[in-house]
file start06.pdb (PDB, C-alpha atoms and all ligand atoms)
ATOM      1  CA  MET A  28       0.218  28.273  -0.986
ATOM      2  CA  LYS A  29      -2.005  30.437  -3.182
ATOM      3  CA  HIS A  30      -2.106  28.277  -6.277
ATOM      4  CA  SER A  31      -4.345  25.466  -7.432
ATOM      5  CA  VAL A  32      -3.855  21.804  -6.544
ATOM      6  CA  ARG A  33      -4.879  18.822  -8.648
ATOM      7  CA  ILE A  34      -4.740  15.340  -7.140
ATOM      8  CA  THR A  35      -5.159  12.118  -9.140
ATOM      9  CA  ILE A  36      -5.524   8.627  -7.694
ATOM     10  CA  LEU A  37      -3.008   6.513  -9.607
ATOM     11  CA  VAL A  38      -3.244   3.230  -7.691
ATOM     12  CA  ASP A  39      -6.063   1.987  -5.500
ATOM     13  CA  ASN A  40      -7.875  -1.259  -4.683
ATOM     14  CA  ILE A  41     -10.909  -0.206  -6.732
ATOM     15  CA  VAL A  42     -11.208   0.714 -10.404
ATOM     16  CA  GLN A  43     -14.347   1.653 -12.332
ATOM     17  CA  ARG A  44     -12.940   3.223 -15.487
ATOM     18  CA  PRO A  45     -12.112   0.985 -18.478
ATOM     19  CA  ARG A  46      -8.469   0.047 -19.189
ATOM     20  CA  LEU A  47      -7.093   1.394 -15.908
ATOM     21  CA  LEU A  48      -5.789  -1.236 -13.460
ATOM     22  CA  ALA A  49      -6.340  -1.752  -9.717
ATOM     23  CA  GLU A  50      -4.393  -3.663  -7.083
ATOM     24  CA  HIS A  51      -4.097  -3.807  -3.320
ATOM     25  CA  GLY A  52      -1.951  -0.723  -3.019
ATOM     26  CA  PHE A  53      -1.961   3.029  -3.188
ATOM     27  CA  ALA A  54      -0.382   5.935  -5.039
ATOM     28  CA  MET A  55      -1.517   9.465  -5.768
ATOM     29  CA  TYR A  56      -0.187  12.240  -7.993
ATOM     30  CA  ILE A  57      -0.222  15.819  -6.743
ATOM     31  CA  GLU A  58       0.208  18.696  -9.141
ATOM     32  CA  THR A  59       0.491  22.429  -8.547
ATOM     33  CA  PRO A  60       1.426  24.940 -11.272
ATOM     34  CA  ASN A  61       5.087  24.528 -10.236
ATOM     35  CA  LYS A  62       5.485  21.093  -8.649
ATOM     36  CA  ARG A  63       4.694  17.469  -9.403
ATOM     37  CA  ILE A  64       4.761  15.082  -6.468
ATOM     38  CA  LEU A  65       4.038  11.364  -6.171
ATOM     39  CA  LEU A  66       2.858   9.983  -2.828
ATOM     40  CA  ASP A  67       3.567   6.225  -2.781
ATOM     41  CA  THR A  68       4.103   3.866  -5.703
ATOM     42  CA  GLY A  69       1.549   1.032  -5.368
ATOM     43  CA  GLN A  70       2.498  -2.634  -5.159
ATOM     44  CA  THR A  71       3.677  -3.816  -8.579
ATOM     45  CA  GLY A  72       4.303  -0.892 -10.885
ATOM     46  CA  ILE A  73       0.813  -0.595 -12.421
ATOM     47  CA  LEU A  74       1.066   3.116 -11.651
ATOM     48  CA  LEU A  75       3.163   3.470 -14.816
ATOM     49  CA  HIS A  76       0.368   1.948 -16.914
ATOM     50  CA  ASN A  77      -2.298   4.069 -15.207
ATOM     51  CA  ALA A  78      -0.230   7.269 -15.373
ATOM     52  CA  ALA A  79       0.287   6.818 -19.130
ATOM     53  CA  LEU A  80      -3.467   6.348 -19.702
ATOM     54  CA  LEU A  81      -4.211   9.400 -17.569
ATOM     55  CA  ASP A  82      -1.689  11.564 -19.470
ATOM     56  CA  ILE A  83       0.572  11.962 -16.460
ATOM     57  CA  ASP A  84       4.265  12.087 -17.276
ATOM     58  CA  LEU A  85       6.160  10.646 -14.317
ATOM     59  CA  ARG A  86       9.509  11.619 -15.864
ATOM     60  CA  ASN A  87       8.874  15.159 -14.661
ATOM     61  CA  LEU A  88       8.369  14.368 -10.988
ATOM     62  CA  ASP A  89       9.966  16.835  -8.575
ATOM     63  CA  ALA A  90       9.463  14.606  -5.548
ATOM     64  CA  ILE A  91       8.508  11.066  -4.599
ATOM     65  CA  VAL A  92       7.305  10.635  -1.009
ATOM     66  CA  LEU A  93       6.851   7.220   0.611
ATOM     67  CA  SER A  94       4.175   7.331   3.317
ATOM     68  CA  HIS A  95       5.624   4.208   4.992
ATOM     69  CA  GLY A  96       7.560   1.057   4.155
ATOM     70  CA  HIS A  97       4.799  -1.482   3.417
ATOM     71  CA  TYR A  98       5.076  -3.364   0.104
ATOM     72  CA  ASP A  99       1.766  -2.081  -1.240
ATOM     73  CA  HIS A 100       3.108   1.509  -1.166
ATOM     74  CA  THR A 101       6.721   0.925  -2.159
ATOM     75  CA  GLY A 102       6.598  -1.931  -4.687
ATOM     76  CA  GLY A 103       6.579   0.383  -7.698
ATOM     77  CA  LEU A 104       9.532   2.460  -6.505
ATOM     78  CA  GLN A 105      12.178   0.883  -8.692
ATOM     79  CA  GLN A 106      10.200   1.318 -11.911
ATOM     80  CA  THR A 107       9.206   4.859 -10.959
ATOM     81  CA  LEU A 108      12.801   5.871 -10.255
ATOM     82  CA  GLU A 109      13.903   4.422 -13.580
ATOM     83  CA  LEU A 110      11.621   6.996 -15.185
ATOM     84  CA  ALA A 111      12.009   9.836 -12.696
ATOM     85  CA  SER A 112      15.688   9.510 -11.935
ATOM     86  CA  ASP A 113      16.108  13.214 -11.079
ATOM     87  CA  SER A 114      13.239  13.304  -8.606
ATOM     88  CA  ASN A 115      13.920  14.002  -4.956
ATOM     89  CA  LEU A 116      12.949  11.106  -2.727
ATOM     90  CA  TYR A 117      11.575  11.446   0.813
ATOM     91  CA  LEU A 118      11.048   8.664   3.338
ATOM     92  CA  HIS A 119      11.532   7.893   6.996
ATOM     93  CA  PRO A 120      14.634   5.686   7.485
ATOM     94  CA  LEU A 121      12.548   3.071   9.332
ATOM     95  CA  ALA A 122      10.571   2.486   6.118
ATOM     96  CA  ILE A 123      13.454   0.342   4.866
ATOM     97  CA  LYS A 124      13.464  -2.017   7.877
ATOM     98  CA  PRO A 125      11.974  -5.511   7.480
ATOM     99  CA  LYS A 126       8.293  -5.610   8.397
ATOM    100  CA  PHE A 127       5.942  -8.512   9.094
ATOM    101  CA  SER A 128       2.257  -9.176   9.548
ATOM    102  CA  CYS A 129       1.628 -11.864  12.189
ATOM    103  CA  PRO A 130      -2.074 -12.363  12.959
ATOM    104  CA  PRO A 131      -2.684 -14.855  15.798
ATOM    105  CA  ASN A 132      -2.344 -18.538  14.838
ATOM    106  CA  THR A 133      -0.856 -17.825  11.425
ATOM    107  CA  THR A 134       2.634 -17.817   9.969
ATOM    108  CA  CYS A 135       4.201 -14.379   9.784
ATOM    109  CA  ARG A 136       4.224 -12.796   6.344
ATOM    110  CA  SER A 137       6.849 -10.350   5.144
ATOM    111  CA  ILE A 138       5.137  -7.063   4.215
ATOM    112  CA  GLY A 139       8.082  -4.682   4.071
ATOM    113  CA  MET A 140       9.655  -2.881   1.168
ATOM    114  CA  PRO A 141      10.410  -5.388  -1.635
ATOM    115  CA  GLN A 142      14.099  -6.132  -2.166
ATOM    116  CA  PRO A 143      14.358  -4.420  -5.598
ATOM    117  CA  ALA A 144      13.132  -1.177  -4.000
ATOM    118  CA  VAL A 145      15.595  -1.561  -1.099
ATOM    119  CA  ASP A 146      18.432  -2.256  -3.560
ATOM    120  CA  CYS A 147      17.390   0.765  -5.545
ATOM    121  CA  LEU A 148      17.544   2.971  -2.428
ATOM    122  CA  ASN A 149      20.918   1.584  -1.399
ATOM    123  CA  HIS A 150      22.264   2.191  -4.869
ATOM    124  CA  ARG A 151      20.808   5.673  -4.924
ATOM    125  CA  SER A 152      22.489   6.484  -1.595
ATOM    126  CA  LEU A 153      25.817   6.210  -3.387
ATOM    127  CA  THR A 154      24.951   8.640  -6.146
ATOM    128  CA  GLN A 155      21.946  10.747  -5.353
ATOM    129  CA  LYS A 156      20.757  11.093  -1.801
ATOM    130  CA  TRP A 157      17.288  10.448  -0.531
ATOM    131  CA  ILE A 158      15.986  12.726   2.180
ATOM    132  CA  PRO A 159      15.202  11.191   5.597
ATOM    133  CA  THR A 160      12.036  12.670   7.087
ATOM    134  CA  GLU A 161      12.421  12.216  10.819
ATOM    135  CA  GLN A 162      10.660  15.516  11.437
ATOM    136  CA  PRO A 163       8.270  17.731   9.462
ATOM    137  CA  THR A 164       9.903  18.450   6.122
ATOM    138  CA  GLU A 165       8.908  20.972   3.475
ATOM    139  CA  ILE A 166       8.666  19.230   0.098
ATOM    140  CA  ALA A 167       7.676  22.383  -1.798
ATOM    141  CA  PRO A 168       6.279  25.775  -0.740
ATOM    142  CA  GLY A 169       3.131  25.044   1.288
ATOM    143  CA  ILE A 170       3.543  21.253   1.037
ATOM    144  CA  TRP A 171       4.810  19.451   4.120
ATOM    145  CA  ASN A 172       5.619  15.893   4.977
ATOM    146  CA  THR A 173       4.605  15.409   8.618
ATOM    147  CA  GLY A 174       7.372  12.989   9.604
ATOM    148  CA  PRO A 175       6.308  10.716  12.488
ATOM    149  CA  ASN A 176       2.920  11.737  13.882
ATOM    150  CA  PRO A 177       2.724  11.848  17.691
ATOM    151  CA  ARG A 178       0.341   9.182  18.992
ATOM    152  CA  ILE A 179      -1.896  11.008  21.453
ATOM    153  CA  THR A 180      -5.289   9.277  21.218
ATOM    154  CA  GLN A 181      -6.055   6.300  23.443
ATOM    155  CA  TYR A 182      -8.308   4.488  20.964
ATOM    156  CA  GLU A 183      -6.122   4.478  17.820
ATOM    157  CA  ASP A 184      -3.520   1.832  17.003
ATOM    158  CA  THR A 185      -1.598   0.858  13.876
ATOM    159  CA  GLY A 186      -4.530  -1.237  12.681
ATOM    160  CA  GLY A 187      -2.932  -4.649  12.350
ATOM    161  CA  HIS A 188      -0.659  -7.316  13.827
ATOM    162  CA  PHE A 189       2.513  -5.593  12.704
ATOM    163  CA  TYR A 190       5.968  -6.734  13.835
ATOM    164  CA  LEU A 191       9.604  -5.977  13.073
ATOM    165  CA  ASP A 192      10.654  -9.647  13.282
ATOM    166  CA  HIS A 193       9.277 -12.896  11.874
ATOM    167  CA  SER A 194       8.858 -14.390  15.360
ATOM    168  CA  ALA A 195       6.297 -11.751  16.335
ATOM    169  CA  GLN A 196       8.381 -10.634  19.313
ATOM    170  CA  ILE A 197       8.948  -6.955  18.504
ATOM    171  CA  PRO A 198       5.827  -4.929  17.641
ATOM    172  CA  ASP A 199       6.197  -2.451  14.793
ATOM    173  CA  PRO A 200       4.736   0.909  15.869
ATOM    174  CA  LEU A 201       5.166   2.072  12.256
ATOM    175  CA  MET A 202       6.919   5.279  13.261
ATOM    176  CA  ASP A 203       7.830   5.585   9.574
ATOM    177  CA  ASP A 204       4.178   6.401   8.827
ATOM    178  CA  GLN A 205       3.728   9.982   7.671
ATOM    179  CA  ALA A 206       1.205  12.102   5.816
ATOM    180  CA  LEU A 207       1.366  15.080   3.484
ATOM    181  CA  ILE A 208      -0.163  18.418   4.440
ATOM    182  CA  LEU A 209      -0.964  20.915   1.698
ATOM    183  CA  ASP A 210      -1.748  24.421   2.861
ATOM    184  CA  ALA A 211      -4.299  25.252   0.152
ATOM    185  CA  PRO A 212      -6.480  28.364  -0.194
ATOM    186  CA  GLU A 213      -9.594  26.454   0.920
ATOM    187  CA  GLY A 214      -7.847  24.972   3.967
ATOM    188  CA  LEU A 215      -5.496  22.104   4.701
ATOM    189  CA  ILE A 216      -5.486  19.094   2.397
ATOM    190  CA  ILE A 217      -4.367  15.995   4.308
ATOM    191  CA  LEU A 218      -3.076  13.111   2.179
ATOM    192  CA  CYS A 219      -2.535   9.713   3.805
ATOM    193  CA  GLY A 220      -1.086   6.441   2.563
ATOM    194  CA  CYS A 221      -2.493   4.099   5.211
ATOM    195  CA  ALA A 222      -2.710   6.448   8.229
ATOM    196  CA  HIS A 223      -1.228   3.795  10.505
ATOM    197  CA  SER A 224      -0.567   6.665  12.954
ATOM    198  CA  GLY A 225      -4.334   7.071  13.274
ATOM    199  CA  ILE A 226      -6.239   9.707  11.315
ATOM    200  CA  ILE A 227      -7.169  11.645  14.457
ATOM    201  CA  ASN A 228      -3.525  11.779  15.579
ATOM    202  CA  ILE A 229      -2.612  13.015  12.090
ATOM    203  CA  LEU A 230      -5.313  15.698  12.146
ATOM    204  CA  HIS A 231      -4.273  16.951  15.588
ATOM    205  CA  TYR A 232      -0.679  17.182  14.427
ATOM    206  CA  ALA A 233      -1.556  18.906  11.152
ATOM    207  CA  VAL A 234      -3.632  21.533  12.965
ATOM    208  CA  GLN A 235      -0.961  22.043  15.615
ATOM    209  CA  TRP A 236       1.870  22.229  13.086
ATOM    210  CA  THR A 237       0.225  24.653  10.688
ATOM    211  CA  GLY A 238      -1.896  26.661  13.136
ATOM    212  CA  SER A 239      -4.771  26.304  10.662
ATOM    213  CA  SER A 240      -7.965  24.579  11.771
ATOM    214  CA  LYS A 241      -9.851  24.470   8.477
ATOM    215  CA  ILE A 242      -9.513  21.124   6.691
ATOM    216  CA  ALA A 243     -10.426  21.339   3.010
ATOM    217  CA  ALA A 244     -10.026  17.592   2.469
ATOM    218  CA  ILE A 245      -8.738  14.295   3.765
ATOM    219  CA  ILE A 246      -7.825  11.939   0.923
ATOM    220  CA  GLY A 247      -6.272   8.485   1.230
ATOM    221  CA  GLY A 248      -6.241   5.215   3.124
ATOM    222  CA  LEU A 249      -7.349   5.278   6.759
ATOM    223  CA  HIS A 250      -6.685   1.621   7.617
ATOM    224  CA  LEU A 251      -9.808   1.080   9.673
ATOM    225  CA  GLN A 252     -10.922  -2.262   8.254
ATOM    226  CA  ASN A 253     -10.011  -4.122  11.458
ATOM    227  CA  ALA A 254     -10.950  -1.302  13.815
ATOM    228  CA  SER A 255     -13.055  -2.090  16.878
ATOM    229  CA  GLU A 256     -16.542  -0.643  17.225
ATOM    230  CA  ASN A 257     -15.186   1.570  20.001
ATOM    231  CA  ARG A 258     -12.423   2.946  17.781
ATOM    232  CA  LEU A 259     -14.859   3.631  14.961
ATOM    233  CA  TYR A 260     -17.253   5.355  17.329
ATOM    234  CA  GLN A 261     -14.507   7.500  18.855
ATOM    235  CA  THR A 262     -13.029   8.257  15.431
ATOM    236  CA  LYS A 263     -16.373   9.358  14.072
ATOM    237  CA  LEU A 264     -16.986  11.615  17.075
ATOM    238  CA  ALA A 265     -13.499  13.094  16.791
ATOM    239  CA  LEU A 266     -13.775  13.672  13.029
ATOM    240  CA  GLN A 267     -16.934  15.675  13.666
ATOM    241  CA  THR A 268     -15.061  18.013  16.012
ATOM    242  CA  PHE A 269     -12.789  19.114  13.156
ATOM    243  CA  ASN A 270     -13.920  21.523  10.474
ATOM    244  CA  ILE A 271     -13.632  19.081   7.525
ATOM    245  CA  GLN A 272     -15.191  19.950   4.172
ATOM    246  CA  LYS A 273     -14.483  16.811   2.182
ATOM    247  CA  ILE A 274     -13.335  13.271   2.834
ATOM    248  CA  ALA A 275     -12.365  10.729   0.171
ATOM    249  CA  MET A 276     -11.457   7.327   1.576
ATOM    250  CA  ALA A 277      -9.214   4.905  -0.281
ATOM    251  CA  HIS A 278      -7.319   1.652  -0.269
ATOM    252  CA  CYS A 279      -7.245   0.097   3.220
ATOM    253  CA  THR A 280     -10.028   2.124   4.852
ATOM    254  CA  GLY A 281     -12.498  -0.754   4.464
ATOM    255  CA  THR A 282     -15.656  -0.197   2.427
ATOM    256  CA  MET A 283     -18.059  -1.163   5.226
ATOM    257  CA  VAL A 284     -16.217   1.123   7.612
ATOM    258  CA  ALA A 285     -16.247   3.974   5.140
ATOM    259  CA  TYR A 286     -20.024   3.757   4.863
ATOM    260  CA  LYS A 287     -20.351   3.718   8.645
ATOM    261  CA  LEU A 288     -18.454   7.004   8.777
ATOM    262  CA  ARG A 289     -20.105   8.662   5.802
ATOM    263  CA  GLU A 290     -23.047  10.178   7.643
ATOM    264  CA  ALA A 291     -20.586  12.386   9.503
ATOM    265  CA  PHE A 292     -19.742  14.249   6.277
ATOM    266  CA  ARG A 293     -21.580  16.309   3.710
ATOM    267  CA  ASP A 294     -18.982  15.611   1.032
ATOM    268  CA  PHE A 295     -17.969  11.958   1.229
ATOM    269  CA  SER A 296     -16.659   9.634  -1.449
ATOM    270  CA  LEU A 297     -14.688   6.446  -1.963
ATOM    271  CA  CYS A 298     -11.620   6.814  -4.169
ATOM    272  CA  THR A 299     -11.197   4.749  -7.318
ATOM    273  CA  VAL A 300      -8.300   4.705  -9.786
ATOM    274  CA  GLY A 301      -8.302   7.770 -12.006
ATOM    275  CA  ASP A 302     -10.366   9.973  -9.676
ATOM    276  CA  LYS A 303      -9.314  13.612  -9.662
ATOM    277  CA  TYR A 304      -9.713  16.171  -6.905
ATOM    278  CA  ILE A 305      -9.235  19.773  -7.976
ATOM    279  CA  PHE A 306      -8.781  22.651  -5.559
ATOM    280  CA  PRO A 307      -8.773  25.968  -7.433
ATOM    281  CA  ALA A 308      -6.563  28.937  -6.638
ATOM    282  CA  HIS A 309      -8.210  31.875  -4.923
TER     283      HIS A 309
HETATM  284 ZN    ZN B 401       0.529  -0.083   5.471
HETATM  285 ZN    ZN B 402      -1.519  -0.022   2.452
END
call {"tool": "encode", "arguments": {"input": "start06.pdb", "output": "structure tokens"}}
result
Amino acid sequence: MKHSVRITILVDNIVQRPRLLAEHGFAMYIETPNKRILLDTGQTGILLHNAALLDIDLRNLDAIVLSHGHYDHTGGLQQTLELASDSNLYLHPLAIKPKFSCPPNTTCRSIGMPQPAVDCLNHRSLTQKWIPTEQPTEIAPGIWNTGPNPRITQYEDTGGHFYLDHSAQIPDPLMDDQALILDAPEGLIILCGCAHSGIINILHYAVQWTGSSKIAAIIGGLHLQNASENRLYQTKLALQTFNIQKIAMAHCTGTMVAYKLREAFRDFSLCTVGDKYIFPAH
């Protein structure tokens, strides 16, 4: 991919700019000269409000990619598809399955894709197919959806008490979790929703898949807020073994965690709604 890439944070937990809205959720807009892609849709549909204020026209989307099935990434799907009805849609089939969070000594909470989004997908299956991403899938030239990331590290887990049933009997390994890889002139750009696969697993896979070891940027949620000290230590060590130029942490990374990791990077930031990351063409 020789052309420029512009990435805008449309939904995040933090907002600093006036009039834009924040929520527990995530969505980002990716633009090249030829393609417009949305990764995730936030929780409630505020991405439409934020996109309008940021002069982003979601009616022209070429692709919508769902990083995984949790409600805070899929809740805006119905409203987005009402606008972008011609957009291609990419997700792992397991993203539609019911999902629960069951921390010890609490009642399980449903955290899967909200019913309107599921209905919307089922309806769409009849008319306009969505594309199942059970393996790496090219979304546009130089832009890949990883599909399920192999879990090779010993110290990474999904980052929560995630189950497929409301009795907490069947753990959810979140095999629907996937990331986007952009093969940009400055190196790979890795975009994550929550990185439930583990950011180090994702990086290993991205490097192996593309054969490129230079990482221009990691942008997105890393879901490390509940990570053990050991995991954080190992993650920090592992991140330093990759050639990473820039890291911008969002959403579920955990602010305290992000600051613990920051010293490992020259170019570190926390994402807020409306932030833009521009990677020029060479
Ligand atoms: Zn999640
Ligand atoms: Zn999330």
call {"tool": "resolve_selection", "arguments": {"input": "start06.pdb", "expression": "the PyMOL selection byres (((not hetatm)) within 10 of (chain B and resi 402))", "output": "PyMOL selection string"}}
result
chain A and resi 39-40+51-54+67+69-70+94-101+138+219-223+247-250+277-280
call {"tool": "closest_residue", "arguments": {"input": "start06.pdb", "among": "A:Ala291, A:Met276, A:Ile271, A:Met202", "to": "ligand ZN 401 (chain B)", "atoms": "all atoms listed in the file"}}
result
A:Met202
call {"tool": "resolve_selection", "arguments": {"input": "start06.pdb", "expression": "the PyMOL selection byres (((chain A and resi 57) around 10) and not hetatm)", "output": "PyMOL selection string"}}
result
chain A and resi 32-36+55-56+58-59+62-66+88+90+209+218+303-305
call {"tool": "closest_residue", "arguments": {"input": "start06.pdb", "among": "A:Tyr286, A:Tyr182, A:Phe127, A:Tyr117", "to": "ligand ZN 401 (chain B)", "atoms": "all atoms listed in the file"}}
result
A:Phe127
call {"tool": "resolve_selection", "arguments": {"input": "start06.pdb", "expression": "the PyMOL selection byres (((chain A and resi 167-179) around 8) and not hetatm)", "output": "mmCIF file with C-alpha atoms, keeping the file's coordinate frame"}}
result
data_model
loop_
_atom_site.group_PDB
_atom_site.id
_atom_site.type_symbol
_atom_site.label_atom_id
_atom_site.label_comp_id
_atom_site.auth_asym_id
_atom_site.auth_seq_id
_atom_site.Cartn_x
_atom_site.Cartn_y
_atom_site.Cartn_z
ATOM 1 C CA MET A 28 0.218 28.273 -0.986
ATOM 2 C CA LYS A 62 5.485 21.093 -8.649
ATOM 3 C CA HIS A 119 11.532 7.893 6.996
ATOM 4 C CA THR A 160 12.036 12.670 7.087
ATOM 5 C CA GLU A 161 12.421 12.216 10.819
ATOM 6 C CA GLN A 162 10.660 15.516 11.437
ATOM 7 C CA PRO A 163 8.270 17.731 9.462
ATOM 8 C CA THR A 164 9.903 18.450 6.122
ATOM 9 C CA GLU A 165 8.908 20.972 3.475
ATOM 10 C CA ILE A 166 8.666 19.230 0.098
ATOM 11 C CA THR A 180 -5.289 9.277 21.218
ATOM 12 C CA GLN A 181 -6.055 6.300 23.443
ATOM 13 C CA MET A 202 6.919 5.279 13.261
ATOM 14 C CA ASP A 203 7.830 5.585 9.574
ATOM 15 C CA ASP A 204 4.178 6.401 8.827
ATOM 16 C CA GLN A 205 3.728 9.982 7.671
ATOM 17 C CA ALA A 206 1.205 12.102 5.816
ATOM 18 C CA LEU A 207 1.366 15.080 3.484
ATOM 19 C CA ILE A 208 -0.163 18.418 4.440
ATOM 20 C CA LEU A 209 -0.964 20.915 1.698
ATOM 21 C CA ASP A 210 -1.748 24.421 2.861
ATOM 22 C CA ALA A 211 -4.299 25.252 0.152
ATOM 23 C CA SER A 224 -0.567 6.665 12.954
ATOM 24 C CA GLY A 225 -4.334 7.071 13.274
ATOM 25 C CA ASN A 228 -3.525 11.779 15.579
ATOM 26 C CA ILE A 229 -2.612 13.015 12.090
ATOM 27 C CA TYR A 232 -0.679 17.182 14.427
ATOM 28 C CA ALA A 233 -1.556 18.906 11.152
#
call {"tool": "residues_around", "arguments": {"input": "start06.pdb", "residues": "Arg289 of chain A", "least_positions_apart": "5", "cutoff": "12 Å", "atoms": "only C-alpha atoms", "output": "list of chain:residue names"}}
result
A:Leu259, A:Thr262, A:Lys263, A:Leu266, A:Gln267, A:Lys273, A:Ile274, A:Ala275, A:Met276, A:Thr282, A:Met283, A:Val284, A:Asp294, A:Phe295, A:Ser296, A:Leu297
call {"tool": "atom_distance", "arguments": {"input": "start06.pdb", "atom1": "atom CA of Gly103 of chain A", "atom2": "atom CA of Pro141 of chain A"}}
result
9.2 Å
call {"tool": "axis_aligned_box", "arguments": {"input": "start06.pdb", "around": "segment 85-97 of chain A", "padding_each_side": "3 Å", "output": "lines of an AutoDock Vina configuration file"}}
result
center_x = 7.1
center_y = 7.7
center_z = -5.4
size_x = 11.8
size_y = 24.3
size_z = 26.9
call {"tool": "atom_distance", "arguments": {"input": "start06.pdb", "atom1": "atom CA of Ala111 of chain A", "atom2": "atom CA of His150 of chain A"}}
result
15.0 Å
call {"tool": "closest_residue", "arguments": {"input": "start06.pdb", "among": "A:Leu80, A:Ala195, A:Cys298, A:Ile158", "to": "Pro130 of chain A", "atoms": "only C-alpha atoms"}}
result
A:Ala195
call {"tool": "closest_residue", "arguments": {"input": "start06.pdb", "among": "A:Ile227, A:Ile242, A:Leu74, A:Ala79", "to": "Gln106 of chain A", "atoms": "only C-alpha atoms"}}
result
A:Leu74
call {"tool": "closest_residue", "arguments": {"input": "start06.pdb", "among": "A:Val92, A:Leu251, A:Ala244, A:Met140", "to": "Glu183 of chain A", "atoms": "all atoms listed in the file"}}
result
A:Leu251
call {"tool": "closest_residue", "arguments": {"input": "start06.pdb", "among": "A:Pro198, A:Gly102, A:Pro307, A:Gly187", "to": "ligand ZN 401 (chain B)", "atoms": "only C-alpha atoms and all ligand atoms"}}
result
A:Gly187
call {"tool": "atom_distance", "arguments": {"input": "start06.pdb", "atom1": "atom CA of Ile216 of chain A", "atom2": "atom CA of Asn115 of chain A"}}
result
21.4 Å
call {"tool": "residues_around", "arguments": {"input": "start06.pdb", "residues": "Gly301 of chain A", "least_positions_apart": "2", "cutoff": "8 Å", "atoms": "all atoms listed in the file", "output": "PDB file with C-alpha atoms, in the coordinates of the input"}}
result
ATOM      1  CA  THR A  35      -5.159  12.118  -9.140  1.00  0.00           C
ATOM      2  CA  ILE A  36      -5.524   8.627  -7.694  1.00  0.00           C
ATOM      3  CA  LEU A  37      -3.008   6.513  -9.607  1.00  0.00           C
ATOM      4  CA  VAL A  42     -11.208   0.714 -10.404  1.00  0.00           C
ATOM      5  CA  ARG A  44     -12.940   3.223 -15.487  1.00  0.00           C
ATOM      6  CA  LEU A  47      -7.093   1.394 -15.908  1.00  0.00           C
ATOM      7  CA  ASN A  77      -2.298   4.069 -15.207  1.00  0.00           C
ATOM      8  CA  LEU A  81      -4.211   9.400 -17.569  1.00  0.00           C
ATOM      9  CA  THR A 299     -11.197   4.749  -7.318  1.00  0.00           C
ATOM     10  CA  LYS A 303      -9.314  13.612  -9.662  1.00  0.00           C
TER      11      LYS A 303
END
